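Engineer: Coordinates in data24.cif, mmCIF, C-alpha atoms, are listed below.
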data_upload
loop_
_atom_site.group_PDB
_atom_site.id
_atom_site.type_symbol
_atom_site.label_atom_id
_atom_site.label_comp_id
_atom_site.auth_asym_id
_atom_site.auth_seq_id
_atom_site.Cartn_x
_atom_site.Cartn_y
_atom_site.Cartn_z
ATOM 1 C CA MET A 1 2.851 -15.383 17.194
ATOM 2 C CA LYS A 2 5.754 -16.426 15.023
ATOM 3 C CA LYS A 3 7.413 -13.864 12.744
ATOM 4 C CA LEU A 4 7.952 -15.152 9.233
ATOM 5 C CA ASP A 5 11.609 -15.407 8.284
ATOM 6 C CA TYR A 6 13.752 -15.576 5.169
ATOM 7 C CA ASP A 7 13.068 -19.291 4.665
ATOM 8 C CA PHE A 8 9.330 -18.609 4.392
ATOM 9 C CA PHE A 9 9.875 -16.158 1.508
ATOM 10 C CA HIS A 10 12.709 -18.101 -0.129
ATOM 11 C CA ARG A 11 10.214 -20.324 -1.943
ATOM 12 C CA ASP A 12 8.263 -20.194 -5.196
ATOM 13 C CA ARG A 13 5.945 -17.181 -5.523
ATOM 14 C CA LEU A 14 2.802 -19.316 -5.894
ATOM 15 C CA THR A 15 3.549 -21.231 -2.697
ATOM 16 C CA VAL A 16 4.343 -18.050 -0.776
ATOM 17 C CA ALA A 17 1.276 -16.231 -2.135
ATOM 18 C CA LYS A 18 -1.024 -19.050 -1.039
ATOM 19 C CA ASP A 19 0.653 -19.368 2.372
ATOM 20 C CA LEU A 20 0.611 -15.577 3.000
ATOM 21 C CA ALA A 21 -3.179 -15.417 2.666
ATOM 22 C CA GLY A 22 -4.453 -15.471 6.239
ATOM 23 C CA LYS A 23 -1.202 -14.351 7.861
ATOM 24 C CA ILE A 24 -0.952 -11.051 9.748
ATOM 25 C CA ILE A 25 0.979 -7.999 8.680
ATOM 26 C CA ALA A 26 2.153 -6.056 11.722
ATOM 27 C CA ARG A 27 3.346 -2.460 11.709
ATOM 28 C CA LYS A 28 4.820 -0.548 14.633
ATOM 29 C CA MET A 29 3.241 2.857 14.158
ATOM 30 C CA PRO A 30 5.038 6.141 14.903
ATOM 31 C CA ASP A 31 3.212 6.406 18.248
ATOM 32 C CA GLY A 32 4.609 2.993 19.283
ATOM 33 C CA LYS A 33 1.336 1.075 18.941
ATOM 34 C CA ILE A 34 1.411 -2.113 16.899
ATOM 35 C CA LEU A 35 -1.261 -2.363 14.229
ATOM 36 C CA ARG A 36 -2.087 -5.880 13.025
ATOM 37 C CA VAL A 37 -4.137 -6.686 9.936
ATOM 38 C CA ARG A 38 -4.947 -10.134 8.586
ATOM 39 C CA ILE A 39 -3.960 -10.493 4.925
ATOM 40 C CA ALA A 40 -7.138 -11.479 3.083
ATOM 41 C CA GLU A 41 -5.817 -11.659 -0.449
ATOM 42 C CA THR A 42 -2.510 -11.935 -2.316
ATOM 43 C CA GLU A 43 -1.368 -12.100 -5.936
ATOM 44 C CA ALA A 44 1.731 -13.799 -7.347
ATOM 45 C CA TYR A 45 3.920 -12.242 -10.038
ATOM 46 C CA GLY A 46 7.104 -13.536 -11.466
ATOM 47 C CA GLY A 47 9.563 -14.133 -14.189
ATOM 48 C CA GLU A 48 10.337 -12.017 -17.182
ATOM 49 C CA GLU A 49 7.859 -14.212 -19.092
ATOM 50 C CA ASP A 50 4.954 -13.006 -16.872
ATOM 51 C CA LYS A 51 3.607 -10.100 -18.908
ATOM 52 C CA ALA A 52 1.891 -8.694 -15.782
ATOM 53 C CA CYS A 53 5.147 -8.595 -13.799
ATOM 54 C CA HIS A 54 7.135 -5.359 -13.732
ATOM 55 C CA ALA A 55 10.195 -7.416 -14.724
ATOM 56 C CA SER A 56 8.571 -8.506 -18.016
ATOM 57 C CA LYS A 57 10.744 -5.972 -19.841
ATOM 58 C CA GLY A 58 13.894 -7.022 -18.000
ATOM 59 C CA ARG A 59 16.081 -5.342 -15.429
ATOM 60 C CA THR A 60 15.601 -1.631 -14.900
ATOM 61 C CA PRO A 61 16.332 0.638 -11.938
ATOM 62 C CA ARG A 62 12.655 0.267 -10.951
ATOM 63 C CA THR A 63 12.653 -3.547 -11.076
ATOM 64 C CA GLU A 64 16.101 -4.264 -9.662
ATOM 65 C CA LEU A 65 14.665 -5.241 -6.256
ATOM 66 C CA LEU A 66 12.583 -7.990 -7.912
ATOM 67 C CA TYR A 67 15.838 -9.765 -8.760
ATOM 68 C CA GLY A 68 17.091 -9.544 -5.194
ATOM 69 C CA ARG A 69 16.917 -11.432 -1.940
ATOM 70 C CA ALA A 70 13.690 -13.013 -0.732
ATOM 71 C CA GLY A 71 11.923 -11.082 2.028
ATOM 72 C CA ILE A 72 12.715 -7.641 0.605
ATOM 73 C CA ILE A 73 9.799 -5.216 0.354
ATOM 74 C CA TYR A 74 9.081 -3.845 -3.122
ATOM 75 C CA VAL A 75 6.837 -0.774 -3.048
ATOM 76 C CA TYR A 76 5.694 1.064 -6.142
ATOM 77 C CA LEU A 77 3.378 3.920 -6.985
ATOM 78 C CA CYS A 78 0.220 2.958 -8.883
ATOM 79 C CA TYR A 79 -1.662 5.555 -10.958
ATOM 80 C CA GLY A 80 0.652 8.167 -9.472
ATOM 81 C CA ILE A 81 -1.244 8.166 -6.152
ATOM 82 C CA HIS A 82 -1.348 4.724 -4.470
ATOM 83 C CA TRP A 83 1.574 2.903 -2.865
ATOM 84 C CA LEU A 84 1.339 -0.879 -3.331
ATOM 85 C CA MET A 85 3.417 -3.384 -1.364
ATOM 86 C CA ASN A 86 4.984 -6.610 -2.544
ATOM 87 C CA VAL A 87 7.444 -8.993 -0.904
ATOM 88 C CA ILE A 88 10.175 -10.593 -3.010
ATOM 89 C CA THR A 89 10.192 -14.395 -3.106
ATOM 90 C CA GLY A 90 12.309 -17.201 -4.537
ATOM 91 C CA ASP A 91 15.947 -17.226 -5.566
ATOM 92 C CA GLU A 92 18.093 -14.180 -6.232
ATOM 93 C CA GLY A 93 18.339 -13.399 -9.927
ATOM 94 C CA LYS A 94 14.792 -14.666 -10.627
ATOM 95 C CA PRO A 95 12.328 -11.772 -10.494
ATOM 96 C CA GLU A 96 9.273 -12.749 -8.511
ATOM 97 C CA GLY A 97 7.144 -11.550 -5.658
ATOM 98 C CA VAL A 98 3.773 -11.381 -3.996
ATOM 99 C CA LEU A 99 1.458 -8.378 -3.881
ATOM 100 C CA LEU A 100 -0.441 -7.886 -0.626
ATOM 101 C CA ARG A 101 -3.774 -7.320 -2.353
ATOM 102 C CA ALA A 102 -6.246 -6.886 0.507
ATOM 103 C CA GLY A 103 -6.666 -6.900 4.253
ATOM 104 C CA GLU A 104 -9.474 -8.223 6.401
ATOM 105 C CA GLY A 105 -12.570 -6.081 6.716
ATOM 106 C CA LYS A 106 -13.040 -3.099 4.461
ATOM 107 C CA LEU A 107 -9.449 -3.182 3.164
ATOM 108 C CA ASN A 108 -10.588 -4.572 -0.173
ATOM 109 C CA GLY A 109 -7.701 -3.235 -2.212
ATOM 110 C CA PRO A 110 -3.925 -3.008 -2.001
ATOM 111 C CA ALA A 111 -3.914 0.777 -1.636
ATOM 112 C CA LYS A 112 -6.353 0.694 1.293
ATOM 113 C CA LEU A 113 -4.080 -1.766 3.069
ATOM 114 C CA THR A 114 -0.871 0.217 2.556
ATOM 115 C CA LYS A 115 -2.591 3.465 3.489
ATOM 116 C CA LEU A 116 -3.896 2.014 6.771
ATOM 117 C CA ILE A 117 -0.507 0.623 7.809
ATOM 118 C CA GLY A 118 1.403 3.664 6.561
ATOM 119 C CA VAL A 119 3.532 2.007 3.893
ATOM 120 C CA ASP A 120 5.052 4.301 1.289
ATOM 121 C CA LYS A 121 8.266 4.555 -0.778
ATOM 122 C CA ARG A 122 10.340 4.721 2.415
ATOM 123 C CA PHE A 123 9.751 0.970 2.855
ATOM 124 C CA ASN A 124 11.029 0.112 -0.634
ATOM 125 C CA GLY A 125 14.104 -2.097 -0.254
ATOM 126 C CA MET A 126 13.619 -2.884 3.462
ATOM 127 C CA SER A 127 13.642 -6.482 4.578
ATOM 128 C CA ILE A 128 10.416 -7.698 6.158
ATOM 129 C CA CYS A 129 12.468 -10.332 8.020
ATOM 130 C CA GLY A 130 13.945 -9.256 11.343
ATOM 131 C CA ASN A 131 12.455 -5.791 10.940
ATOM 132 C CA GLU A 132 11.183 -4.036 14.069
ATOM 133 C CA GLU A 133 8.971 -1.601 12.145
ATOM 134 C CA ILE A 134 7.078 -3.970 9.841
ATOM 135 C CA TRP A 135 6.822 -7.760 9.736
ATOM 136 C CA ILE A 136 4.452 -10.631 8.956
ATOM 137 C CA GLU A 137 3.277 -13.080 11.616
ATOM 138 C CA ASP A 138 1.745 -16.521 11.705
ATOM 139 C CA ASP A 139 -0.764 -16.749 14.542
ATOM 140 C CA GLY A 140 -1.479 -20.424 13.853
ATOM 141 C CA ASN A 141 -4.930 -19.895 12.357
ATOM 142 C CA ARG A 142 -5.570 -21.766 9.116
ATOM 143 C CA PHE A 143 -8.074 -20.846 6.445
ATOM 144 C CA ASP A 144 -9.509 -22.289 3.279
ATOM 145 C CA ILE A 145 -7.966 -20.483 0.327
ATOM 146 C CA VAL A 146 -9.592 -20.070 -3.077
ATOM 147 C CA THR A 147 -7.904 -18.941 -6.277
ATOM 148 C CA ALA A 148 -9.032 -16.461 -8.904
ATOM 149 C CA PRO A 149 -7.519 -14.523 -11.809
ATOM 150 C CA ARG A 150 -5.362 -11.541 -10.922
ATOM 151 C CA VAL A 151 -6.988 -8.103 -10.989
ATOM 152 C CA GLY A 152 -6.364 -5.041 -13.163
ATOM 153 C CA ILE A 153 -3.852 -6.557 -15.566
ATOM 154 C CA ASP A 154 -5.768 -6.775 -18.845
ATOM 155 C CA TYR A 155 -2.769 -5.080 -20.515
ATOM 156 C CA ALA A 156 -0.818 -8.336 -20.006
ATOM 157 C CA GLY A 157 -3.033 -10.259 -22.406
ATOM 158 C CA GLU A 158 -5.663 -12.908 -21.841
ATOM 159 C CA GLU A 159 -3.241 -15.732 -21.001
ATOM 160 C CA TRP A 160 -1.579 -13.805 -18.166
ATOM 161 C CA ALA A 161 -4.692 -11.993 -16.963
ATOM 162 C CA ASN A 162 -6.498 -15.307 -16.512
ATOM 163 C CA LYS A 163 -3.822 -17.106 -14.489
ATOM 164 C CA PRO A 164 -5.395 -18.178 -11.161
ATOM 165 C CA TRP A 165 -2.591 -16.516 -9.219
ATOM 166 C CA ARG A 166 -4.788 -14.561 -6.793
ATOM 167 C CA PHE A 167 -5.237 -16.271 -3.420
ATOM 168 C CA ILE A 168 -8.209 -15.299 -1.274
ATOM 169 C CA VAL A 169 -9.142 -16.287 2.274
ATOM 170 C CA LYS A 170 -12.538 -17.958 1.910
ATOM 171 C CA LYS A 171 -15.191 -16.324 4.085
#
Step by step, read the file and then write its structure as structure tokens.
Structural biologist:
Amino acid sequence: MKKLDYDFFHRDRLTVAKDLAGKIIARKMPDGKILRVRIAETEAYGGEEDKACHASKGRTPRTELLYGRAGIIYVYLCYGIHWLMNVITGDEGKPEGVLLRAGEGKLNGPAKLTKLIGVDKRFNGMSICGNEEIWIEDDGNRFDIVTAPRVGIDYAGEEWANKPWRFIVKK
């Protein structure tokens, strides 16, 4: 298994989102066991022009990480109860990232995935590269990937809601 490094994430969000689908997120749990889950679905977000991206209204304390270094984890609270995990991609100063939208099996939502692997606000701002607590691996398996519109972003308007920026491992 090869851990993904900075160079993997230091690419365009659409490329990273497609390439992350099928990879494995690994988390060293508090008891020392390593939990591995195949990423089944991702979504790309990016640029202040993307009305579905948190950075669409510019830099704020909440979105500052989106403008940072590739490979940084961006975690936010959704609906006041669910922690969702993204990884920053691309060049510094350009806000973009990839949401880990689902895991293999019954992890058919971003909150189910983060809950299983124990990701919460404590991970916000950590690097996923060279981290001994959480990382993403490539086990060499390759999958067919299909695209679809992103989910739950009707507020962004039809143009942005219909972008085929969701990448799904084909079953």
Engineer: By how many Å are CA of Glu41 (chain A) and CA of Lys115 (chain A) apart?
Structural biologist: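 CA of Lys115 (chain A) lies at a distance of 16.0 Å from CA of Glu41 (chain A).
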Engineer: Since I can't run it myself right now, could you work out what the PyMOL selection byres ((chain A and resi 17) around 7) selects here and report it as a ChimeraX atom specification?
Structural biologist: /A:13-16,18-21,42-44,98,167
Engineer: Between CA of Ile34 (chain A) and CA of Asn124 (chain A), measure the distance and give it in Å to one decimal.
Structural biologist: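 Separation between CA of Ile34 (chain A) and CA of Asn124 (chain A): 20.1 Å.
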Engineer: For region 35-151 of chain A against region 3-11 of chain A, with a cut-off of 8 Å and counting only C-alpha atoms, what is the closest atom pair and its distance in Å to one decimal for every residue that makes the cut, ordered by chain and number, as a tab-separated table?
Structural biologist:
residue	atom	partner	partner_atom	distance
A:Ala70	CA	A:His10	CA	5.2
A:Gly71	CA	A:Phe9	CA	5.5
A:Val87	CA	A:Phe9	CA	7.9
A:Ile88	CA	A:Phe9	CA	7.2
A:Thr89	CA	A:Phe9	CA	4.9
A:Gly90	CA	A:His10	CA	4.5
A:Asp91	CA	A:His10	CA	6.4
A:Cys129	CA	A:Asp5	CA	5.2
A:Gly130	CA	A:Asp5	CA	7.3
A:Trp135	CA	A:Lys3	CA	6.8
A:Ile136	CA	A:Leu4	CA	5.7
A:Glu137	CA	A:Lys3	CA	4.4
A:Asp138	CA	A:Lys3	CA	6.3
Engineer: When the PyMOL selection byres ((chain A and resi 119) around 10) is applied to the structure above, which residues does it catch, written out as a list of chain:residue names?
Structural biologist: A:Arg27, A:Val75, A:Trp83, A:Leu84, A:Met85, A:Ala111, A:Leu113, A:Thr114, A:Lys115, A:Leu116, A:Ile117, A:Gly118, A:Asp120, A:Lys121, A:Arg122, A:Phe123, A:Asn124, A:Ile134
Engineer: To test your reading of the syntax: which residues would the PyMOL selection byres ((chain A and resi 55) around 10) return for the file shown? Reply as a CSV table (one decimal) with C-alpha atoms, keeping the file's coordinate frame.
Structural biologist:
chain,number,residue,atom,x,y,z
A,45,TYR,CA,3.9,-12.2,-10.0
A,46,GLY,CA,7.1,-13.5,-11.5
A,47,GLY,CA,9.6,-14.1,-14.2
A,48,GLU,CA,10.3,-12.0,-17.2
A,49,GLU,CA,7.9,-14.2,-19.1
A,50,ASP,CA,5.0,-13.0,-16.9
A,51,LYS,CA,3.6,-10.1,-18.9
A,52,ALA,CA,1.9,-8.7,-15.8
A,53,CYS,CA,5.1,-8.6,-13.8
A,54,HIS,CA,7.1,-5.4,-13.7
A,56,SER,CA,8.6,-8.5,-18.0
A,57,LYS,CA,10.7,-6.0,-19.8
A,58,GLY,CA,13.9,-7.0,-18.0
A,59,ARG,CA,16.1,-5.3,-15.4
A,60,THR,CA,15.6,-1.6,-14.9
A,62,ARG,CA,12.7,0.3,-11.0
A,63,THR,CA,12.7,-3.5,-11.1
A,64,GLU,CA,16.1,-4.3,-9.7
A,65,LEU,CA,14.7,-5.2,-6.3
A,66,LEU,CA,12.6,-8.0,-7.9
A,67,TYR,CA,15.8,-9.8,-8.8
A,94,LYS,CA,14.8,-14.7,-10.6
A,95,PRO,CA,12.3,-11.8,-10.5
A,96,GLU,CA,9.3,-12.7,-8.5
Engineer: Find, counting all atoms listed in the file, the residue in A:Arg142, A:Met29, A:Ile39, A:Ala148 that gets nearest to Pro110 (chain A).
Structural biologist: A:Ile39
Engineer: Mind giving me the straight-line distance from CA of Glu159 (chain A) to CA of Tyr79 (chain A) in Å, one decimal?
Structural biologist: 23.6 Å
Engineer: Restricting the calculation to all atoms listed in the file, which member of A:Leu100, A:Leu35, A:Ile145, A:Ile168 is positioned closest to Asn86 (chain A)?
Structural biologist: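 For Asn86 (chain A), the nearest of the given residues is A:Leu100.
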Engineer: Taking the block just given, write region 13-31 of chain A to a file that holds C-alpha atoms, as a compact mmCIF listing (two decimals), in the first residue's frame.
Structural biologist:
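Result file follows (decode11.txt):
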# COMPACT_ATOMS: atom_id res chain seq x y z
CA ARG A 13 -9.77 19.30 -7.80
CA LEU A 14 -11.54 17.40 -10.61
CA THR A 15 -8.49 15.22 -11.25
CA VAL A 16 -7.99 14.55 -7.54
CA ALA A 17 -11.69 13.84 -6.97
CA LYS A 18 -11.76 11.28 -9.77
CA ASP A 19 -8.48 9.67 -8.66
CA LEU A 20 -9.55 9.52 -4.97
CA ALA A 21 -12.61 7.41 -5.78
CA GLY A 22 -11.54 3.85 -5.05
CA LYS A 23 -8.62 4.75 -2.78
CA ILE A 24 -8.58 3.77 0.90
CA ILE A 25 -8.86 6.10 3.85
CA ALA A 26 -6.99 4.68 6.83
CA ARG A 27 -7.43 5.78 10.43
CA LYS A 28 -5.39 4.64 13.41
CA MET A 29 -8.07 4.34 16.06
CA PRO A 30 -7.52 5.21 19.74
CA ASP A 31 -7.10 1.51 20.57
